[in-house]
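In what follows, a structure is listed as structure tokens, so that the remarks can point back to it.
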Protein chains: 4
Amino acid sequence: MGRAHANAYKRVPDFFDLECRPVLQAVCARDGANAELFARQWGFASIETDWRALVARSDIDAIDIASPNDTHAEIAIAAAEAGKTIFCEKPLARNLAEAEQMTAAVDRAGVRNMVWYNYRRVPAVTLAKQLIDEGRLGRIFHYRAKFLQDWTMAPDLPQGGQALWRLDANVAGSGVTGDLLAHCIDTAQWLIGPIDRLCGMIETFIKERLHQQTGKQEPVGIDDASAFLARFENGALATFEATRYARGHKAQYAFEINGENASLAWDLHDLHRLQFFDHKDDGKLRGWRSIHITDHDHPYMKHWWVPGLQIGYEHTFVHQIGDFFTALSRDELVSPSFRDALATEYVIDAVLKSARSGAWQDVLRRDQQGRETPG
Amino acid sequence: MGRAHANAYKRVPDFFDLECRPVLQAVCARDGANAELFARQWGFASIETDWRALVARSDIDAIDIASPNDTHAEIAIAAAEAGKTIFCEKPLARNLAEAEQMTAAVDRAGVRNMVWYNYRRVPAVTLAKQLIDEGRLGRIFHYRAKFLQDWTMAPDLPQGGQALWRLDANVAGSGVTGDLLAHCIDTAQWLIGPIDRLCGMIETFIKERLHQQTGKQEPVGIDDASAFLARFENGALATFEATRYARGHKAQYAFEINGENASLAWDLHDLHRLQFFDHKDDGKLRGWRSIHITDHDHPYMKHWWVPGLQIGYEHTFVHQIGDFFTALSRDELVSPSFRDALATEYVIDAVLKSARSGAWQDVLRRDQQGRETPG
Amino acid sequence: MGRAHANAYKRVPDFFDLECRPVLQAVCARDGANAELFARQWGFASIETDWRALVARSDIDAIDIASPNDTHAEIAIAAAEAGKTIFCEKPLARNLAEAEQMTAAVDRAGVRNMVWYNYRRVPAVTLAKQLIDEGRLGRIFHYRAKFLQDWTMAPDLPQGGQALWRLDANVAGSGVTGDLLAHCIDTAQWLIGPIDRLCGMIETFIKERLHQQTGKQEPVGIDDASAFLARFENGALATFEATRYARGHKAQYAFEINGENASLAWDLHDLHRLQFFDHKDDGKLRGWRSIHITDHDHPYMKHWWVPGLQIGYEHTFVHQIGDFFTALSRDELVSPSFRDALATEYVIDAVLKSARSGAWQDVLRRDQQGRETPG
Amino acid sequence: MGRAHANAYKRVPDFFDLECRPVLQAVCARDGANAELFARQWGFASIETDWRALVARSDIDAIDIASPNDTHAEIAIAAAEAGKTIFCEKPLARNLAEAEQMTAAVDRAGVRNMVWYNYRRVPAVTLAKQLIDEGRLGRIFHYRAKFLQDWTMAPDLPQGGQALWRLDANVAGSGVTGDLLAHCIDTAQWLIGPIDRLCGMIETFIKERLHQQTGKQEPVGIDDASAFLARFENGALATFEATRYARGHKAQYAFEINGENASLAWDLHDLHRLQFFDHKDDGKLRGWRSIHITDHDHPYMKHWWVPGLQIGYEHTFVHQIGDFFTALSRDELVSPSFRDALATEYVIDAVLKSARSGAWQDVLRRDQQGRETPG
């Protein structure tokens, strides 16, 4: 993820009119040689090998956390205490307890904060948000989301270490629930509001894998697949599913929303298209429209190329940092903040609890005063 | 459904080489004028207005039940006792108790019996079955199915009466669970084996509708939407969903199956295509194949037209009755039988129970001796 | 084609409300055993082995010509002289001279006549015609059509004989120009008016094939591929192409029309869909709509099943004969008539002339008085 | 185009391992304020307002020509004489005479040169090239290409001036033939070899437009639409078409190639996918594969993100400049060179000649010694 973030900082001044520009002051990695290499490739001015040193530097305004999940809480809390702006990779943390502490820390410190739920800034997804907010869908009946991958199906794939920390529960916290479903949940609650109740199911298909750090077969603690039924506060019903065992899909994050007047659907594998069905169209001409989201009246697209020419994955990060700087100039906040990401953690926590208990679970949240509130 | 069945009987001798031909001896409807009209249009030799009279006729070998769900049990049981072959529209019955009685009746009487789960005979679906049986998918990890419609979304649509009995719980038994999910369940268990456990959710979005028989607003007893999580005996995880509130979909029955080596997907809206992903393909050339199921080496297609020319919905019924007659000539049985359809009823029953209890539910079945067995 | 026609006669009274019903009085084939077999399978009352005997029978009102192209002219002219209604398979004839004689014969005799350009009656294509006639496209700038197959690519496929007469120039007249492009031309001129001028190119990829009748390698006289540029009377530009050497396509007949206000596209491989783009849609929501042509307000679809359930290839023949009988009841004429099909022959003739001369060619037509008129 | 090129120079060192890095030394524009603005936004070290000054500077190694077509020849010839490396936007020139002079100039000067036919570097298109070169298609029978846009359909769109020079024949040379068909021709000849003969047709639908420089209605000299039939040296037949009057298409550049053993197709609107049909697949499982070109074994993709995440339009420029620098390190040449682009100009010239003459035209080329050779 470090490359995607670094790229965003470098691209944003070329394509957005901003009052200030990010400066790549330092990159930090435990392994100095790696840090050197990355700094040279990407043009960072300096390196650090201890994040504490980075946080302590007075020439650093903002810390971007792109390291594995088990480091998020400690770094974010220290950075908040040091008064830094914080950009944190998703999921916010390994678990709810860490996420709540981190959110409390940024609130306490009053620092700007943002979490990289980048798919909100796919132009097609942002357009979906606009259409819903304009009331074009009317009452919403159904939401269905899935995030399908197939990269961990080989039984001889090990777990742990730098490349495969996502398979190590100690580092990742959870498997697809925190990694993939987290995106689905973030988008869903952003688009149509809070999830109230849910019932989850998780599975680990391959029970043991060689651990790269211990050199031994170790139980796999993460979930390979996760699904849940849900009811939103607005009355909509939902199905959510994520897996790394769906042969034929590399990163198929897709959702569909059915409303009273219209429906829409999107798929990350063709991220520059939005599918839209408008029941108000002339009866005999109703059909799903495949909207090629490359026109200048589509969100973010005036920053890029002429109509018809598509953008890709990395642009979502550019959009997010572009929005951050625009908000900064206006002294406004940008979402998703730590608190927004915490709302996703409450749902993740409920999914895992429900999967263990075998029962429906209310999504309980705590407000800033620590009082439990339903989803 | 009467038209689809009648059409199948008339078409089958034109396109299949059969040793015998169905004769349209009589059509039965409560309203004599309707029966007359239908008989004239379709070429039935006589009419009846009381199904008991039909069952009593000695010139009738087979009874086809295409009437509303609340009539299935009584007619089927009487027809079985009269020694008739029985073809019954799905779902088998309004509820599990009726379905068990009907199955016991045909077993007792030893009569041939078949249920119109016609989508098994879509050539693409039959090919899916072949591919799975040939082991091309390997171990199966995921099954996801949905059946989406939008025809009952208008709040002023009444319930009950001849046209809208599907919205009347007394007649239909359940809503989309028995009507639409039943198809999904039948196909799924046929393709990859029994469902063991599940957790369901149902909803009725519009709580009251004018009843066409009472002339009053009456509570709506059927489910408008239904979804469940499931675990199959073979270890696969599944999501199932059906609704009549999915704007933009008339009859989108779609499923996808992810196996170790391959995945496949199908959609009733383009029923003549099967999507297939084979992980054994050359790495850089792997992709979902859109197979146009119109070649003579595809199931059933040698009976129809030259390659490239598609067939439609009604052909599935022709295939089923064609298979019945072929089996009859060989003194073999054809599926789905009442007992196969009963397997779907056990799942439907578990979905409705789970939706009420809010807990996971084992799919309990009874064998021919009446002993409970897990799914 | 005999099966598709016979099926249409048998299906039409079941699905259309007609004042009269076709009676399958006799089937004619040179080989009496084949005729017997076909009559038994399809329920014809009698057989003939000489078409002259058929034409001479007084109990026959209508003759349907489904035999190879080299028989069309002789049979049609005799049938016209005998006062029969004539339904002729397309293309009308092997060449323009025959086609003109046939048209003159039916005109002279004043008999009803119709040619089986069945694709006009695909509901999606009929809807396209309605949209154009309603002016929804506005001025038309572009038409592009192609008909792609791959069934003759094997060099060891012989020519001639009952199954492969389409590869024998003496029987077929031309190759893909008369067989496949003929459909494209018929649809195009029906939808947007006459073609004025064109420039063609044809090719025979495999120059010799074993002839099944002579038992020797013989030069292949038909065109394997054919394409032309065209200008319509209305100012539109066009490209047309047909081939039997397009690997991966069984019968991909597709066209797209670009107008000032809207565009539309259709593909026989998914014949139940029409693609439609309306520039009048709200700017940010413009997209190609994939219209699932299965609703009761779509052409012909109220005769079939509930919305969402697709029909196939053979239904186009049922529609055509249904329209014929409806027109008959009202003493109206139905198209495409021999004269309509002759308009296609003028274009075919121009394509072949242009391909030989290497120059643009005016499409010259003769009116009923035999005077040449530009396309 | 300046932005796309500038972006490529800035991105390439981040994503490619190169021995040297481009330095944005100076940007040149007639309007100094624009040049300033662009330099500041993109980080150029200096500006020029006269390209002659730029060419004269000794701190400049390479000149990138992204200005309108009427400036290409003069700048390129001067830059060649000054010994600069030249990167030129396509089409190479307004007409064949200019293109020949430019090519002669770079040949004479022995300077490195390259033309921005960027679509060769779409990973899906590069993969198509690999598949053809590996012989997977076998003998090629058909090529069809189209480039459809709709941005000039409004009659009140003026011509000329900075934004609309593409509609001014004096500046652009030709309309869609040089602008859009040029891409189609470049790709086609690169993929399957030279075009031998062709027959073209062009049209200007709107005959007069307000000229922004004269302030008067002036005849429109460019072609709005252009199409041609072609025969390749390898025996393949082709249709080519480009237009700016295809409502519903912003930049639909699409091609399909049909070979003996396999076919492939691509569409710029979904540039990250390649459609592939392999006749060698198991008969009943043959189908068009939609290959999501995002895996690390796909061309260029190891430079970007994890599998499943798509790239867009601008990446093609990064790939081209990346290839240039890689070739430079190895002292190799990179294509398309001026000479490669000249091959496209010979075809463009033949299309325009044929459209005027109404006859087929040989594609005549001159070799380095100025001798005419057939295509």
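Order determines the names: the first chain of the structure tokens is A, the second B, and so forth; residues in each chain are numbered 1 upward, and ligands are numbered 1 upward as they are shown.
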Counting only C-alpha atoms, which residues of segment 119-189 of chain A fall within 9 Å of segment 205-227 of chain A, and what is the closest atom pair for each with its distance in Å at one decimal, ordered by chain and rising number, as CSV?
```
residue,atom,partner,partner_atom,distance
A:Lys146,CA,A:Ala227,CA,8.6
A:Thr152,CA,A:Asp224,CA,8.3
A:Met153,CA,A:Ile206,CA,8.3
A:Pro155,CA,A:Ile206,CA,6.7
A:Asp156,CA,A:Arg209,CA,7.0
A:Leu157,CA,A:Arg209,CA,7.1
A:Pro158,CA,A:Leu210,CA,4.8
A:Gln159,CA,A:His211,CA,4.9
A:Gly160,CA,A:Gln212,CA,5.4
A:Gly161,CA,A:Gln212,CA,5.6
A:Leu164,CA,A:Gln212,CA,8.5
A:Arg166,CA,A:Ile222,CA,8.3
A:Leu167,CA,A:Ile222,CA,6.2
A:Asp168,CA,A:Ile222,CA,6.6
A:Ala169,CA,A:Gly221,CA,5.0
A:Asn170,CA,A:Gly221,CA,7.9
A:Ala172,CA,A:Ile222,CA,8.0
A:Gly173,CA,A:Ile222,CA,7.5
A:Ser174,CA,A:Ile222,CA,5.0
A:Gly175,CA,A:Ile222,CA,4.4
A:Val176,CA,A:Asp224,CA,6.0
A:Thr177,CA,A:Ser226,CA,6.0
A:Leu181,CA,A:Ser226,CA,7.8
```
Within 7 Å of chain D: residues of chain C, using only C-alpha atoms, as a PDB file with all heavy atoms, in the first residue's frame:
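Contents of the output file iface.pdb:
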```pdb
ATOM      1  N   PHE C 141     -27.074   8.654 -39.110  1.00  0.00           N
ATOM      2  CA  PHE C 141     -25.740   8.866 -39.693  1.00  0.00           C
ATOM      3  C   PHE C 141     -25.051   7.554 -40.091  1.00  0.00           C
ATOM      4  O   PHE C 141     -24.335   7.511 -41.074  1.00  0.00           O
ATOM      5  CB  PHE C 141     -24.852   9.621 -38.704  1.00  0.00           C
ATOM      6  CG  PHE C 141     -25.296  11.028 -38.453  1.00  0.00           C
ATOM      7  CD1 PHE C 141     -25.856  11.408 -37.236  1.00  0.00           C
ATOM      8  CD2 PHE C 141     -25.185  11.985 -39.455  1.00  0.00           C
ATOM      9  CE1 PHE C 141     -26.274  12.714 -37.017  1.00  0.00           C
ATOM     10  CE2 PHE C 141     -25.598  13.302 -39.250  1.00  0.00           C
ATOM     11  CZ  PHE C 141     -26.151  13.662 -38.027  1.00  0.00           C
ATOM     12  N   TYR C 245     -16.090 -17.530 -41.930  1.00  0.00           N
ATOM     13  CA  TYR C 245     -14.716 -17.762 -41.455  1.00  0.00           C
ATOM     14  C   TYR C 245     -14.382 -16.944 -40.212  1.00  0.00           C
ATOM     15  O   TYR C 245     -13.237 -16.554 -40.008  1.00  0.00           O
ATOM     16  CB  TYR C 245     -13.717 -17.477 -42.585  1.00  0.00           C
ATOM     17  CG  TYR C 245     -13.656 -18.622 -43.576  1.00  0.00           C
ATOM     18  CD1 TYR C 245     -14.727 -18.875 -44.417  1.00  0.00           C
ATOM     19  CD2 TYR C 245     -12.567 -19.486 -43.625  1.00  0.00           C
ATOM     20  CE1 TYR C 245     -14.708 -19.930 -45.302  1.00  0.00           C
ATOM     21  CE2 TYR C 245     -12.543 -20.551 -44.514  1.00  0.00           C
ATOM     22  CZ  TYR C 245     -13.621 -20.768 -45.343  1.00  0.00           C
ATOM     23  OH  TYR C 245     -13.607 -21.829 -46.201  1.00  0.00           O
ATOM     24  N   ALA C 246     -15.394 -16.699 -39.399  1.00  0.00           N
ATOM     25  CA  ALA C 246     -15.157 -15.918 -38.180  1.00  0.00           C
ATOM     26  C   ALA C 246     -15.197 -16.848 -36.982  1.00  0.00           C
ATOM     27  O   ALA C 246     -16.243 -17.069 -36.362  1.00  0.00           O
ATOM     28  CB  ALA C 246     -16.202 -14.810 -38.060  1.00  0.00           C
ATOM     29  N   ARG C 247     -14.060 -17.409 -36.686  1.00  0.00           N
ATOM     30  CA  ARG C 247     -13.935 -18.342 -35.575  1.00  0.00           C
ATOM     31  C   ARG C 247     -14.566 -17.765 -34.301  1.00  0.00           C
ATOM     32  O   ARG C 247     -14.284 -16.626 -33.933  1.00  0.00           O
ATOM     33  CB  ARG C 247     -12.443 -18.616 -35.344  1.00  0.00           C
ATOM     34  CG  ARG C 247     -12.172 -19.752 -34.461  1.00  0.00           C
ATOM     35  CD  ARG C 247     -12.809 -21.030 -34.907  1.00  0.00           C
ATOM     36  NE  ARG C 247     -11.997 -21.849 -35.799  1.00  0.00           N
ATOM     37  CZ  ARG C 247     -12.525 -22.841 -36.533  1.00  0.00           C
ATOM     38  NH1 ARG C 247     -13.816 -23.125 -36.508  1.00  0.00           N
ATOM     39  NH2 ARG C 247     -11.741 -23.566 -37.308  1.00  0.00           N
ATOM     40  N   GLY C 248     -15.415 -18.565 -33.675  1.00  0.00           N
ATOM     41  CA  GLY C 248     -16.013 -18.135 -32.412  1.00  0.00           C
ATOM     42  C   GLY C 248     -17.426 -17.616 -32.540  1.00  0.00           C
ATOM     43  O   GLY C 248     -18.060 -17.279 -31.540  1.00  0.00           O
ATOM     44  N   ASN C 258     -26.669   4.497 -35.597  1.00  0.00           N
ATOM     45  CA  ASN C 258     -26.374   5.727 -34.855  1.00  0.00           C
ATOM     46  C   ASN C 258     -27.169   6.879 -35.422  1.00  0.00           C
ATOM     47  O   ASN C 258     -26.975   7.251 -36.581  1.00  0.00           O
ATOM     48  CB  ASN C 258     -24.889   6.071 -34.948  1.00  0.00           C
ATOM     49  CG  ASN C 258     -23.986   4.959 -34.457  1.00  0.00           C
ATOM     50  OD1 ASN C 258     -23.045   4.565 -35.140  1.00  0.00           O
ATOM     51  ND2 ASN C 258     -24.277   4.433 -33.285  1.00  0.00           N
ATOM     52  N   GLY C 259     -28.031   7.441 -34.616  1.00  0.00           N
ATOM     53  CA  GLY C 259     -28.817   8.589 -35.047  1.00  0.00           C
ATOM     54  C   GLY C 259     -28.410   9.836 -34.277  1.00  0.00           C
ATOM     55  O   GLY C 259     -27.612   9.791 -33.346  1.00  0.00           O
ATOM     56  N   GLU C 260     -29.012  10.912 -34.684  1.00  0.00           N
ATOM     57  CA  GLU C 260     -28.746  12.219 -34.087  1.00  0.00           C
ATOM     58  C   GLU C 260     -29.047  12.221 -32.582  1.00  0.00           C
ATOM     59  O   GLU C 260     -28.290  12.761 -31.789  1.00  0.00           O
ATOM     60  CB  GLU C 260     -29.700  13.182 -34.796  1.00  0.00           C
ATOM     61  CG  GLU C 260     -29.477  14.620 -34.640  1.00  0.00           C
ATOM     62  CD  GLU C 260     -30.565  15.368 -35.439  1.00  0.00           C
ATOM     63  OE1 GLU C 260     -31.350  14.692 -36.173  1.00  0.00           O
ATOM     64  OE2 GLU C 260     -30.622  16.590 -35.325  1.00  0.00           O
ATOM     65  N   ALA C 262     -30.256   9.298 -30.753  1.00  0.00           N
ATOM     66  CA  ALA C 262     -30.185   8.007 -30.063  1.00  0.00           C
ATOM     67  C   ALA C 262     -29.518   6.985 -30.970  1.00  0.00           C
ATOM     68  O   ALA C 262     -29.432   7.181 -32.181  1.00  0.00           O
ATOM     69  CB  ALA C 262     -31.594   7.530 -29.692  1.00  0.00           C
ATOM     70  N   SER C 263     -29.037   5.927 -30.354  1.00  0.00           N
ATOM     71  CA  SER C 263     -28.447   4.818 -31.094  1.00  0.00           C
ATOM     72  C   SER C 263     -29.068   3.534 -30.581  1.00  0.00           C
ATOM     73  O   SER C 263     -29.547   3.474 -29.446  1.00  0.00           O
ATOM     74  CB  SER C 263     -26.929   4.769 -30.872  1.00  0.00           C
ATOM     75  OG  SER C 263     -26.278   5.831 -31.532  1.00  0.00           O
ATOM     76  N   PHE C 277     -29.299   3.663 -26.598  1.00  0.00           N
ATOM     77  CA  PHE C 277     -28.648   4.816 -25.960  1.00  0.00           C
ATOM     78  C   PHE C 277     -29.450   6.047 -26.312  1.00  0.00           C
ATOM     79  O   PHE C 277     -29.630   6.348 -27.492  1.00  0.00           O
ATOM     80  CB  PHE C 277     -27.215   4.973 -26.474  1.00  0.00           C
ATOM     81  CG  PHE C 277     -26.487   6.139 -25.865  1.00  0.00           C
ATOM     82  CD1 PHE C 277     -25.695   5.970 -24.743  1.00  0.00           C
ATOM     83  CD2 PHE C 277     -26.619   7.419 -26.392  1.00  0.00           C
ATOM     84  CE1 PHE C 277     -25.042   7.050 -24.162  1.00  0.00           C
ATOM     85  CE2 PHE C 277     -25.966   8.508 -25.817  1.00  0.00           C
ATOM     86  CZ  PHE C 277     -25.170   8.320 -24.701  1.00  0.00           C
ATOM     87  N   GLY C 358     -14.666  -3.972 -59.058  1.00  0.00           N
ATOM     88  CA  GLY C 358     -13.769  -3.166 -58.239  1.00  0.00           C
ATOM     89  C   GLY C 358     -14.164  -1.703 -58.191  1.00  0.00           C
ATOM     90  O   GLY C 358     -13.352  -0.848 -57.839  1.00  0.00           O
ATOM     91  N   ALA C 359     -15.404  -1.407 -58.529  1.00  0.00           N
ATOM     92  CA  ALA C 359     -15.849  -0.011 -58.506  1.00  0.00           C
ATOM     93  C   ALA C 359     -17.175   0.125 -57.769  1.00  0.00           C
ATOM     94  O   ALA C 359     -17.898  -0.852 -57.588  1.00  0.00           O
ATOM     95  CB  ALA C 359     -16.017   0.496 -59.935  1.00  0.00           C
ATOM     96  N   TRP C 360     -17.471   1.331 -57.331  1.00  0.00           N
ATOM     97  CA  TRP C 360     -18.770   1.620 -56.734  1.00  0.00           C
ATOM     98  C   TRP C 360     -19.854   1.344 -57.765  1.00  0.00           C
ATOM     99  O   TRP C 360     -19.642   1.498 -58.966  1.00  0.00           O
ATOM    100  CB  TRP C 360     -18.847   3.078 -56.271  1.00  0.00           C
ATOM    101  CG  TRP C 360     -18.155   3.286 -54.968  1.00  0.00           C
ATOM    102  CD1 TRP C 360     -16.818   3.369 -54.773  1.00  0.00           C
ATOM    103  CD2 TRP C 360     -18.780   3.407 -53.701  1.00  0.00           C
ATOM    104  NE1 TRP C 360     -16.555   3.541 -53.436  1.00  0.00           N
ATOM    105  CE2 TRP C 360     -17.755   3.574 -52.754  1.00  0.00           C
ATOM    106  CE3 TRP C 360     -20.106   3.390 -53.241  1.00  0.00           C
ATOM    107  CZ2 TRP C 360     -18.003   3.732 -51.394  1.00  0.00           C
ATOM    108  CZ3 TRP C 360     -20.367   3.567 -51.895  1.00  0.00           C
ATOM    109  CH2 TRP C 360     -19.312   3.719 -50.975  1.00  0.00           C
TER     110      TRP C 360
END
```
Taking 6 positions as the minimum chain separation for residues in the same chain, which residues sit within 6 Å of Pro307 of chain D when counting only C-alpha atoms? Answer as a list in words. Lys250 of chain A; Thr294 and Asp295 of chain D
Would you mind exporting N, CA and C atoms of the selected residues as an mmCIF file, in the first residue's frame?
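Output (out00.cif):
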```cif
data_model
loop_
_atom_site.group_PDB
_atom_site.id
_atom_site.type_symbol
_atom_site.label_atom_id
_atom_site.label_comp_id
_atom_site.auth_asym_id
_atom_site.auth_seq_id
_atom_site.Cartn_x
_atom_site.Cartn_y
_atom_site.Cartn_z
ATOM 1 N N LYS A 250 -10.170 -12.025 -9.008
ATOM 2 C CA LYS A 250 -8.962 -11.487 -8.383
ATOM 3 C C LYS A 250 -9.326 -10.478 -7.296
ATOM 4 N N THR D 294 -4.963 -8.002 -15.606
ATOM 5 C CA THR D 294 -4.423 -7.338 -14.418
ATOM 6 C C THR D 294 -3.470 -8.245 -13.655
ATOM 7 N N ASP D 295 -3.073 -9.335 -14.288
ATOM 8 C CA ASP D 295 -2.183 -10.275 -13.601
ATOM 9 C C ASP D 295 -0.726 -9.960 -13.916
#
```
Near-Gly308 of chain C list (12 Å; only C-alpha atoms; drop same-chain fewer than 5 positions) as a CSV table (one decimal) with N, CA and C atoms, in the first residue's frame:
```csv
chain,number,residue,atom,x,y,z
A,287,GLY,N,-34.3,-0.4,-19.1
A,287,GLY,CA,-33.2,-1.4,-19.1
A,287,GLY,C,-32.1,-0.9,-18.2
B,147,PHE,N,-32.9,-15.0,-6.7
B,147,PHE,CA,-34.0,-14.9,-7.7
B,147,PHE,C,-34.7,-13.6,-7.4
B,148,LEU,N,-34.5,-12.7,-8.3
B,148,LEU,CA,-35.0,-11.3,-8.1
B,148,LEU,C,-36.1,-11.0,-9.1
B,149,GLN,N,-37.1,-10.4,-8.5
B,149,GLN,CA,-38.3,-9.9,-9.3
B,149,GLN,C,-38.7,-8.5,-8.8
B,150,ASP,N,-39.6,-7.9,-9.5
B,150,ASP,CA,-40.0,-6.6,-9.0
B,150,ASP,C,-41.5,-6.3,-9.2
B,151,TRP,N,-42.3,-7.4,-9.4
B,151,TRP,CA,-43.7,-7.2,-9.9
B,151,TRP,C,-44.7,-6.9,-8.8
B,248,GLY,N,-35.9,-3.5,-11.5
B,248,GLY,CA,-35.0,-3.8,-12.6
B,248,GLY,C,-34.8,-5.2,-13.0
B,249,HIS,N,-35.4,-6.1,-12.2
B,249,HIS,CA,-35.3,-7.5,-12.5
B,249,HIS,C,-36.6,-8.2,-12.6
B,250,LYS,N,-36.9,-8.8,-13.7
B,250,LYS,CA,-38.2,-9.4,-13.9
B,250,LYS,C,-38.2,-10.8,-13.4
B,251,ALA,N,-37.1,-11.6,-13.7
B,251,ALA,CA,-37.0,-13.0,-13.2
B,251,ALA,C,-35.6,-13.3,-13.3
B,252,GLN,N,-34.8,-12.6,-12.5
B,252,GLN,CA,-33.3,-12.9,-12.5
B,252,GLN,C,-33.0,-14.0,-11.6
B,253,TYR,N,-33.1,-15.2,-12.0
B,253,TYR,CA,-32.6,-16.3,-11.2
B,253,TYR,C,-31.2,-16.6,-11.7
B,267,ASP,N,-27.5,-17.3,-15.4
B,267,ASP,CA,-28.5,-16.3,-15.2
B,267,ASP,C,-29.7,-16.5,-16.1
B,268,LEU,N,-30.8,-16.7,-15.5
B,268,LEU,CA,-32.0,-17.0,-16.3
B,268,LEU,C,-32.3,-15.9,-17.4
B,269,HIS,N,-31.9,-14.7,-17.1
B,269,HIS,CA,-32.1,-13.6,-18.0
B,269,HIS,C,-31.4,-13.8,-19.4
B,270,ASP,N,-30.4,-14.6,-19.3
B,270,ASP,CA,-29.7,-15.0,-20.6
B,270,ASP,C,-29.4,-16.5,-20.5
B,271,LEU,N,-30.5,-17.2,-20.5
B,271,LEU,CA,-30.5,-18.6,-20.1
B,271,LEU,C,-29.7,-19.5,-21.0
B,312,GLY,N,-35.7,-20.8,-25.6
B,312,GLY,CA,-36.1,-20.0,-24.5
B,312,GLY,C,-36.7,-20.8,-23.3
B,313,TYR,N,-37.6,-20.1,-22.7
B,313,TYR,CA,-38.1,-20.6,-21.4
B,313,TYR,C,-38.9,-21.9,-21.6
C,272,HIS,N,-33.0,-11.6,-27.4
C,272,HIS,CA,-34.0,-11.1,-26.5
C,272,HIS,C,-33.6,-9.8,-25.8
C,273,ARG,N,-32.6,-9.2,-26.3
C,273,ARG,CA,-32.1,-7.9,-25.8
C,273,ARG,C,-32.0,-6.9,-26.9
C,291,ILE,N,-32.0,-3.6,-22.8
C,291,ILE,CA,-33.4,-3.8,-22.6
C,291,ILE,C,-33.7,-5.3,-22.8
C,292,HIS,N,-34.3,-5.9,-21.7
C,292,HIS,CA,-34.6,-7.3,-21.8
C,292,HIS,C,-36.0,-7.3,-22.4
C,293,ILE,N,-36.1,-7.8,-23.6
C,293,ILE,CA,-37.4,-7.7,-24.4
C,293,ILE,C,-38.3,-8.8,-24.0
C,294,THR,N,-38.9,-8.8,-22.8
C,294,THR,CA,-39.7,-9.8,-22.4
C,294,THR,C,-41.0,-9.3,-21.7
C,295,ASP,N,-41.2,-8.0,-21.9
C,295,ASP,CA,-42.4,-7.4,-21.2
C,295,ASP,C,-43.6,-7.4,-22.1
C,296,HIS,N,-44.8,-7.3,-21.6
C,296,HIS,CA,-46.0,-7.4,-22.4
C,296,HIS,C,-46.2,-6.1,-23.3
C,298,HIS,N,-43.7,-5.0,-25.1
C,298,HIS,CA,-42.8,-5.2,-26.2
C,298,HIS,C,-43.5,-6.0,-27.3
C,301,MET,N,-44.7,-9.9,-27.3
C,301,MET,CA,-44.4,-10.6,-26.1
C,301,MET,C,-45.7,-10.9,-25.3
C,302,LYS,N,-46.8,-10.2,-25.5
C,302,LYS,CA,-48.0,-10.6,-24.8
C,302,LYS,C,-48.5,-11.9,-25.2
```
Pick out the closest residue to Asp31 of chain D from this set: D:Asp340, D:Asp70, D:Asp17, D:Asp50. Count only C-alpha atoms.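 For Asp31 of chain D, the nearest of the candidates is D:Asp50.
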